[in-house]
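input.cif follows (mmCIF, C-alpha atoms and all ligand atoms):
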data_structure
loop_
_atom_site.label_atom_id
_atom_site.label_comp_id
_atom_site.auth_asym_id
_atom_site.auth_seq_id
_atom_site.Cartn_x
_atom_site.Cartn_y
_atom_site.Cartn_z
CA MET A 1 -23.95 -5.74 13.04
CA SER A 2 -26.63 -5.07 10.42
CA ALA A 3 -29.12 -7.45 8.87
CA LEU A 4 -27.05 -7.26 5.74
CA PHE A 5 -24.74 -9.50 7.64
CA SER A 6 -27.04 -12.49 8.04
CA ARG A 7 -24.90 -14.18 5.38
CA ASP A 8 -21.81 -13.43 7.44
CA ARG A 9 -23.47 -14.46 10.72
CA ALA A 10 -24.43 -17.85 9.30
CA ALA A 11 -20.89 -18.35 8.00
CA LYS A 12 -19.39 -17.33 11.33
CA GLU A 13 -21.54 -19.84 13.21
CA GLN A 14 -20.28 -22.53 10.89
CA GLY A 15 -16.72 -21.34 11.46
CA ARG A 16 -16.10 -20.46 7.82
CA LEU A 17 -15.74 -17.40 5.67
CA PRO A 18 -18.67 -16.27 3.54
CA ASP A 19 -18.43 -16.61 -0.24
CA GLY A 20 -17.80 -13.56 -2.33
CA LEU A 21 -16.89 -10.16 -1.02
CA PRO A 22 -18.19 -8.16 1.92
CA PRO A 23 -20.93 -5.68 0.96
CA ALA A 24 -19.53 -2.59 -0.76
CA GLU A 25 -20.16 -0.30 2.21
CA ARG A 26 -18.00 -2.59 4.34
CA LEU A 27 -15.05 -2.56 1.95
CA PRO A 28 -12.07 -0.35 2.79
CA LYS A 29 -11.67 2.77 0.68
CA HIS A 30 -7.92 2.67 1.10
CA VAL A 31 -5.77 -0.43 1.57
CA ALA A 32 -2.05 -0.22 2.40
CA ILE A 33 0.15 -3.29 2.03
CA VAL A 34 3.66 -4.00 3.30
CA MET A 35 4.69 -6.67 0.81
CA ASP A 36 7.14 -8.50 3.03
CA GLY A 37 8.77 -11.94 2.89
CA ASN A 38 10.28 -12.14 -0.61
CA GLY A 39 13.72 -12.98 0.78
CA ARG A 40 12.46 -15.78 3.04
CA TRP A 41 10.36 -17.17 0.21
CA ALA A 42 13.50 -17.43 -1.95
CA LYS A 43 15.62 -18.82 0.87
CA LYS A 44 13.15 -21.64 1.46
CA ARG A 45 13.67 -22.62 -2.18
CA HIS A 46 17.47 -22.18 -2.14
CA LEU A 47 17.11 -19.35 -4.63
CA PRO A 48 18.76 -15.92 -4.62
CA ARG A 49 16.78 -13.16 -2.92
CA SER A 50 16.25 -11.50 -6.31
CA ALA A 51 14.16 -14.53 -7.36
CA GLY A 52 11.93 -13.80 -4.38
CA HIS A 53 11.49 -10.22 -5.53
CA ARG A 54 10.59 -11.40 -9.03
CA ALA A 55 7.98 -13.77 -7.57
CA GLY A 56 6.73 -10.85 -5.48
CA VAL A 57 5.98 -8.89 -8.64
CA GLU A 58 3.71 -11.72 -9.83
CA ALA A 59 1.77 -11.59 -6.57
CA LEU A 60 1.51 -7.83 -6.86
CA ARG A 61 0.01 -8.08 -10.35
CA ASP A 62 -2.81 -10.28 -8.99
CA ILE A 63 -3.52 -8.01 -6.05
CA ILE A 64 -3.69 -4.92 -8.26
CA ARG A 65 -6.08 -6.73 -10.61
CA ALA A 66 -8.22 -7.85 -7.68
CA SER A 67 -8.30 -4.32 -6.24
CA ASP A 68 -9.43 -3.02 -9.63
CA ASP A 69 -12.04 -5.79 -10.05
CA TRP A 70 -13.42 -5.21 -6.56
CA GLY A 71 -13.65 -1.44 -6.74
CA ILE A 72 -11.10 -0.65 -4.04
CA GLY A 73 -10.52 3.08 -4.44
CA HIS A 74 -6.96 3.43 -3.20
CA LEU A 75 -4.16 0.88 -2.90
CA SER A 76 -0.81 1.85 -1.39
CA ILE A 77 2.02 -0.65 -1.67
CA TYR A 78 5.39 -0.49 0.04
CA ALA A 79 7.92 -1.33 -2.67
CA PHE A 80 11.18 0.19 -1.40
CA SER A 81 11.90 2.03 1.83
CA THR A 82 14.57 4.65 2.50
CA GLU A 83 16.11 2.02 4.82
CA ASN A 84 16.28 -0.56 2.01
CA TRP A 85 19.29 1.30 0.49
CA GLY A 86 21.24 -0.34 3.31
CA ARG A 87 20.87 -3.81 1.76
CA PRO A 88 23.76 -5.45 -0.12
CA GLN A 89 24.59 -3.61 -3.35
CA ASP A 90 23.62 -6.55 -5.58
CA GLU A 91 20.17 -6.78 -4.01
CA VAL A 92 19.59 -3.02 -4.35
CA SER A 93 20.65 -3.21 -8.02
CA ALA A 94 18.36 -6.19 -8.64
CA LEU A 95 15.44 -4.30 -7.08
CA MET A 96 16.14 -1.18 -9.16
CA GLN A 97 16.37 -3.30 -12.31
CA LEU A 98 13.10 -5.01 -11.44
CA LEU A 99 11.48 -1.64 -10.98
CA LEU A 100 12.37 -0.63 -14.54
CA GLN A 101 11.12 -3.95 -15.89
CA TYR A 102 7.93 -3.56 -13.88
CA PHE A 103 7.05 -0.21 -15.39
CA SER A 104 7.86 -1.27 -18.92
CA SER A 105 5.88 -4.53 -18.72
CA GLU A 106 2.86 -3.32 -16.70
CA ILE A 107 2.22 0.26 -17.75
CA ASP A 108 0.04 -0.58 -20.77
CA GLU A 109 -2.32 -2.81 -18.78
CA LEU A 110 -2.46 -0.38 -15.87
CA ASP A 111 -3.21 2.54 -18.16
CA GLU A 112 -5.87 0.55 -20.03
CA LYS A 113 -7.60 -0.23 -16.74
CA GLY A 114 -7.63 3.48 -15.91
CA VAL A 115 -5.24 3.08 -12.96
CA ARG A 116 -3.77 6.33 -11.63
CA ILE A 117 -0.20 5.89 -10.45
CA ARG A 118 1.30 8.07 -7.77
CA ILE A 119 4.73 7.58 -6.27
CA LEU A 120 4.99 8.08 -2.52
CA GLY A 121 8.56 8.93 -1.63
CA ASP A 122 11.59 10.87 -2.75
CA VAL A 123 11.54 10.42 -6.53
CA ASP A 124 14.52 12.78 -6.94
CA GLY A 125 16.62 10.39 -4.88
CA LEU A 126 16.16 7.54 -7.41
CA PRO A 127 18.75 6.78 -10.10
CA ALA A 128 17.98 8.62 -13.37
CA PRO A 129 16.46 5.72 -15.38
CA GLN A 130 14.12 4.75 -12.53
CA ARG A 131 13.21 8.39 -11.94
CA GLU A 132 12.30 8.83 -15.58
CA ALA A 133 10.25 5.63 -15.67
CA VAL A 134 8.16 6.58 -12.65
CA GLN A 135 7.71 10.16 -13.80
CA ASN A 136 6.50 8.92 -17.19
CA ALA A 137 4.10 6.48 -15.51
CA MET A 138 2.66 9.23 -13.32
CA ALA A 139 2.31 11.65 -16.24
CA ARG A 140 0.76 9.04 -18.52
CA THR A 141 -1.90 7.95 -15.99
CA ARG A 142 -2.60 11.32 -14.40
CA ASP A 143 -6.04 11.82 -15.98
CA ASN A 144 -7.24 8.24 -15.55
CA ARG A 145 -10.39 7.62 -13.52
CA GLY A 146 -9.87 4.18 -11.95
CA LEU A 147 -7.95 2.73 -9.03
CA HIS A 148 -5.50 5.07 -7.32
CA LEU A 149 -2.30 3.02 -7.10
CA ASN A 150 0.27 4.53 -4.74
CA ILE A 151 3.69 2.96 -5.06
CA ALA A 152 5.94 3.78 -2.11
CA LEU A 153 9.47 4.04 -3.45
CA ASN A 154 12.37 5.52 -1.56
CA TYR A 155 9.68 6.16 1.04
CA GLY A 156 10.10 6.84 4.74
CA GLY A 157 7.24 7.87 7.01
CA ARG A 158 9.26 10.15 9.26
CA ALA A 159 10.86 11.83 6.25
CA GLU A 160 7.37 12.43 4.85
CA LEU A 161 6.30 14.10 8.11
CA LEU A 162 9.49 16.17 8.27
CA ASN A 163 9.01 17.37 4.69
CA ALA A 164 5.47 18.42 5.54
CA ALA A 165 6.67 20.27 8.63
CA ARG A 166 9.40 22.03 6.61
CA SER A 167 6.98 23.14 3.95
CA LEU A 168 4.57 24.49 6.57
CA MET A 169 7.39 26.31 8.34
CA ARG A 170 8.34 27.93 5.06
CA GLN A 171 4.74 29.07 4.55
CA ALA A 172 4.71 30.45 8.09
CA ALA A 173 8.00 32.29 7.56
CA GLU A 174 6.52 33.90 4.44
CA GLY A 175 3.52 35.03 6.48
CA ALA A 176 1.14 32.71 4.62
CA LEU A 177 0.25 30.56 7.63
CA ARG A 178 -0.41 31.38 11.27
CA PRO A 179 0.06 28.60 13.89
CA GLU A 180 -3.66 28.57 14.76
CA GLU A 181 -4.53 28.05 11.09
CA LEU A 182 -2.72 24.73 10.97
CA THR A 183 -5.33 21.97 10.95
CA ALA A 184 -5.07 18.22 10.40
CA ASP A 185 -6.45 18.70 6.88
CA ARG A 186 -3.88 21.36 6.06
CA PHE A 187 -1.14 19.10 7.38
CA ALA A 188 -2.42 16.10 5.39
CA ALA A 189 -2.39 18.23 2.24
CA GLU A 190 1.42 18.40 2.53
CA LEU A 191 1.83 14.61 2.48
CA TYR A 192 2.50 12.43 -0.58
CA THR A 193 -1.10 11.19 -0.24
CA ALA A 194 -2.59 14.70 -0.46
CA GLY A 195 -6.26 14.58 -1.39
CA GLN A 196 -6.64 10.87 -0.64
CA PRO A 197 -8.59 9.27 2.22
CA ASP A 198 -6.83 7.84 5.28
CA VAL A 199 -5.84 4.18 5.19
CA ASP A 200 -8.69 1.93 6.40
CA LEU A 201 -6.93 -1.41 6.19
CA PHE A 202 -3.21 -2.03 6.70
CA ILE A 203 -1.98 -5.47 5.68
CA ARG A 204 1.50 -6.86 6.30
CA THR A 205 2.57 -10.28 5.11
CA SER A 206 5.36 -12.57 6.37
CA GLY A 207 4.46 -12.61 10.06
CA GLU A 208 6.34 -9.46 11.12
CA ILE A 209 4.23 -7.34 13.45
CA ARG A 210 5.49 -3.83 12.78
CA THR A 211 4.80 -0.97 10.42
CA SER A 212 8.44 -0.27 9.41
CA ASN A 213 7.89 3.45 8.91
CA PHE A 214 5.00 3.05 6.43
CA LEU A 215 2.36 5.80 6.33
CA PRO A 216 2.43 6.77 10.03
CA TRP A 217 0.01 9.70 9.63
CA GLN A 218 -2.39 7.99 7.25
CA THR A 219 -2.71 4.78 9.29
CA ALA A 220 -3.46 6.46 12.64
CA TYR A 221 -6.88 4.75 12.76
CA ALA A 222 -6.34 1.93 10.29
CA GLU A 223 -7.34 -1.64 11.08
CA MET A 224 -4.19 -3.74 11.14
CA VAL A 225 -4.08 -7.25 9.67
CA PHE A 226 -0.88 -9.27 10.00
CA ASN A 227 -0.61 -12.29 7.80
CA GLU A 228 1.79 -15.24 8.10
CA THR A 229 1.90 -15.75 4.32
CA LEU A 230 5.12 -14.73 2.58
CA TRP A 231 4.37 -12.06 -0.02
CA PRO A 232 5.00 -14.19 -3.17
CA ASP A 233 2.39 -16.67 -1.83
CA TYR A 234 -0.19 -13.98 -1.14
CA THR A 235 -3.13 -14.57 -3.48
CA ARG A 236 -6.39 -12.93 -4.41
CA GLU A 237 -8.07 -15.46 -2.10
CA ALA A 238 -5.86 -14.44 0.84
CA TYR A 239 -6.70 -10.81 0.05
CA ARG A 240 -10.43 -11.63 -0.02
CA GLN A 241 -10.09 -13.22 3.42
CA ASP A 242 -8.32 -10.14 4.77
CA LEU A 243 -11.14 -7.99 3.39
CA TRP A 244 -13.59 -10.13 5.38
CA THR A 245 -11.44 -9.79 8.49
CA TYR A 246 -11.67 -6.05 8.01
CA ALA A 247 -15.42 -6.10 7.34
CA ARG A 248 -16.00 -7.96 10.60
CA ARG A 249 -14.06 -5.46 12.68
CA ASP A 250 -15.94 -2.98 14.81
CA ARG A 251 -14.43 0.44 14.11
CA ARG A 252 -15.28 2.88 16.87
CA PHE A 253 -12.83 5.77 16.40
CA GLY A 254 -12.78 6.34 20.14
CA LYS A 255 -16.55 6.58 20.44
CA VAL A 256 -19.11 4.29 22.05
CA LYS A 257 -21.37 2.21 19.85
C1 LIG B 301 10.05 -7.33 0.96
O1 LIG B 301 10.63 -8.57 1.10
C2 LIG B 301 10.46 -6.63 -0.31
C3 LIG B 301 11.32 -5.46 -0.11
C4 LIG B 301 11.71 -4.95 1.01
C5 LIG B 301 11.75 -4.81 -1.32
P1 LIG B 301 12.00 -8.75 1.87
O2 LIG B 301 13.10 -8.63 0.90
O3 LIG B 301 12.06 -7.80 3.01
O4 LIG B 301 11.88 -10.23 2.38
P2 LIG B 301 12.37 -10.81 3.79
O5 LIG B 301 11.74 -9.97 4.85
O6 LIG B 301 13.86 -10.72 3.78
O7 LIG B 301 11.88 -12.22 3.80
C1 LIG B 302 9.40 -3.05 4.68
O1 LIG B 302 9.96 -4.31 4.73
C2 LIG B 302 9.69 -2.40 3.37
C3 LIG B 302 9.07 -3.00 2.20
C4 LIG B 302 8.25 -4.01 2.17
C5 LIG B 302 9.41 -2.37 0.95
P1 LIG B 302 11.41 -4.57 5.34
O2 LIG B 302 11.64 -6.03 5.23
O3 LIG B 302 12.40 -3.67 4.69
O4 LIG B 302 11.22 -4.10 6.84
P2 LIG B 302 11.91 -4.62 8.18
O5 LIG B 302 13.39 -4.57 7.96
O6 LIG B 302 11.41 -6.01 8.41
O7 LIG B 302 11.42 -3.68 9.23
MG MG B 303 11.48 -7.96 4.94
#
Could you take the file, read its structure, and then write that structure out as structure tokens?
Amino acid sequence: MSALFSRDRAAKEQGRLPDGLPPAERLPKHVAIVMDGNGRWAKKRHLPRSAGHRAGVEALRDIIRASDDWGIGHLSIYAFSTENWGRPQDEVSALMQLLLQYFSSEIDELDEKGVRIRILGDVDGLPAPQREAVQNAMARTRDNRGLHLNIALNYGGRAELLNAARSLMRQAAEGALRPEELTADRFAAELYTAGQPDVDLFIRTSGEIRTSNFLPWQTAYAEMVFNETLWPDYTREAYRQDLWTYARRDRRFGKVK
């Protein structure tokens, strides 16, 4: 580890985390978060699951602000998976309602900060009001220059890969692509994250150690951090600690250092 890290080395020896943030070159360019544990958070308080989701939105607001303050380039958050349609009808409705509220209450601040919103997932499969809200948010923030905020909604990783494969097969059938011309970059350009860097840091809260179909291609070499905290309790300070955990990792990409 470099001399830049004398601050970190001293902290490590004392068994504590350094103050502040890791140096900029040690920060991830792309963070992906599985915001999990809203239901358990509510249950612990004898509240309905929807109250957990509402509290989760508060936590999300802080983490987006922190990402913007700290110059994280890309933040991908898992908000609703294709599998989540299988939850009880009242929970799905509450989540869809919350989504509408989210866009109407947050869009001004996000736009002011220069955040660029992209939806990862099947937007056409959302109910009309939600579809309109997310399409408006994407259109309104398209030319912004700040944080790239990817909101995974009606998202499934395998579906994303299948869509990419279908599109490439179509191009091949039209004679526009030969098998030997298919590269990783060309494949990645068919994904919802086209043009964005791979995920460097994958965070999941709530103690579950699985990816649940989130960004399988983009996280192939991501550093994984699993956190016991339930999502509504996840704070800017917890995020800062996870950024240090990442900064202290030795990424080798299969090579020898
Ligand atoms: C994550 O929290 C939020 C969504 C999936 C929308 P959960 O609702 O999965 O919370 P737990 O896992 O039941 O605690
Ligand atoms: C993943 O969490 C999806 C989101 C956070 C939106 P889940 O709670 O749905 O995943 P599983 O069921 O634990 O795999
Ligand atoms: Mg869950």
Requested in this report: In the coordinate frame of the file, compute which residues have an atom within 8 Å of (1.0, 21.2, 8.5) when using only C-alpha atoms, and state them as a ChimeraX atom specification.
Outcome: /A:164-165,167-168,182-184,186-190
Dump of C-alpha atoms for the selected residues, as a CSV table (one decimal), in the frame of the given file:
chain,number,residue,atom,x,y,z
A,164,ALA,CA,5.5,18.4,5.5
A,165,ALA,CA,6.7,20.3,8.6
A,167,SER,CA,7.0,23.1,4.0
A,168,LEU,CA,4.6,24.5,6.6
A,182,LEU,CA,-2.7,24.7,11.0
A,183,THR,CA,-5.3,22.0,11.0
A,184,ALA,CA,-5.1,18.2,10.4
A,186,ARG,CA,-3.9,21.4,6.1
A,187,PHE,CA,-1.1,19.1,7.4
A,188,ALA,CA,-2.4,16.1,5.4
A,189,ALA,CA,-2.4,18.2,2.2
A,190,GLU,CA,1.4,18.4,2.5
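Residues in contact with Ile33 in chain A at 7 Å, where all atoms listed in the file are counted and same-chain residues fewer than 5 positions away are skipped, are listed as Ser76, Ile77, Tyr78, Phe202, Ile203 and Arg204 of chain A.
Counting only C-alpha atoms, the residue from A:Ile117, A:Val123, A:Ala159, A:Ala24 that sits nearest to Arg142 in chain A is A:Ile117.
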Report task. Would you work out the distance separating CA of Thr235 in chain A from CA of Leu17 in chain A, expressed in Å to one decimal? Result -> 15.8 Å
**Report entry** Distance criterion (all atoms listed in the file): nearest to Glu208 in chain A out of A:Leu21, A:Leu100, A:Val225, A:Leu177
**Finding:** A:Val225
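Here CA of Ala220 in chain A stands at a distance of 27.9 Å from CA of Asp233 in chain A.
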Chain A near ligand LIG 301 (chain B) within 6 Å: what's each residue's closest atom pair and its distance in Å to one decimal, counting all atoms listed in the file, ordered by chain then ascending residue number, as CSV?
residue,atom,partner,partner_atom,distance
A:Met35,CA,B:LIG301,C1,5.4
A:Asp36,CA,B:LIG301,C1,3.8
A:Gly37,CA,B:LIG301,O7,3.3
A:Asn38,CA,B:LIG301,O4,3.9
A:Gly39,CA,B:LIG301,O7,3.6
A:Arg40,CA,B:LIG301,O7,3.7
A:Ala79,CA,B:LIG301,C5,5.3
A:Phe80,CA,B:LIG301,C5,5.0
Can you check which parts of range 168-252 of chain A lie within 12 Å of range 147-151 of chain A? Per residue, the shortest pair of atoms and distance in Å to one decimal, counting all atoms listed in the file, sorted by chain and number, as CSV.
residue,atom,partner,partner_atom,distance
A:Tyr192,CA,A:Asn150,CA,9.2
A:Thr193,CA,A:Asn150,CA,8.2
A:Ala194,CA,A:Asn150,CA,11.4
A:Gly195,CA,A:His148,CA,11.2
A:Gln196,CA,A:His148,CA,8.9
A:Pro197,CA,A:His148,CA,10.9
A:Val199,CA,A:Asn150,CA,11.7
A:Phe214,CA,A:Ile151,CA,11.6
A:Leu215,CA,A:Asn150,CA,11.3
Query raised in the report: Quick one: residues within 8 Å of range 41-51 of chain A, all atoms listed in the file counted, chain neighbours fewer than 5 positions away excluded, as a PyMOL selection string?
Result: chain A and resi 91+94-95+230-232
Report task. Rank nothing, just name the residue among A:Ala137, A:Ile209, A:Leu162, A:Val256 nearest to ligand MG 303 (chain B), using all atoms listed in the file. Result ->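 So, comparing all the options, the nearest one is A:Ile209.
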Report task. List every protein, DNA or RNA residue with an atom no more than 12 Å from (-7.6, 2.9, -10.8) in the file's coordinates, counting all atoms listed in the file, and format the result as an NGL selection string. Result -> :A and (30 or 64-76 or 109-118 or 141-150)
Query raised in the report: Quick one: distance from CA of Val57 in chain A to CA of Gly156 in chain A in Å, one decimal?
Result: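 Distance reported for this atom pair: 21.1 Å.
For the residues A:Thr82, A:Thr211, A:Asn136, A:Gln130, ranking by smallest atom-to-atom distance to Leu98 in chain A using all atoms listed in the file places A:Gln130 first.
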Requested in this report: Find the spatial neighbours of Arg240 in chain A, counting only C-alpha atoms, within a cut-off of 9 Å - ignore same-chain residues fewer than 2 positions away - and output them as a PyMOL selection string.
Outcome: chain A and resi 20-22+66+235-238+242-245
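Nearest-residue note for ligand LIG 302 (chain B): choosing from A:Leu99, A:Val134, A:Ala152, A:Val92, the minimum distance belongs to A:Ala152, counting only C-alpha atoms and all ligand atoms.
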Axis-aligned box for ligand LIG 302 (chain B), 4 Å per side, centre and edges in Å as AutoDock Vina command-line options:
--center_x 10.8 --center_y -4.2 --center_z 5.1 --size_x 13.1 --size_y 11.7 --size_z 16.3
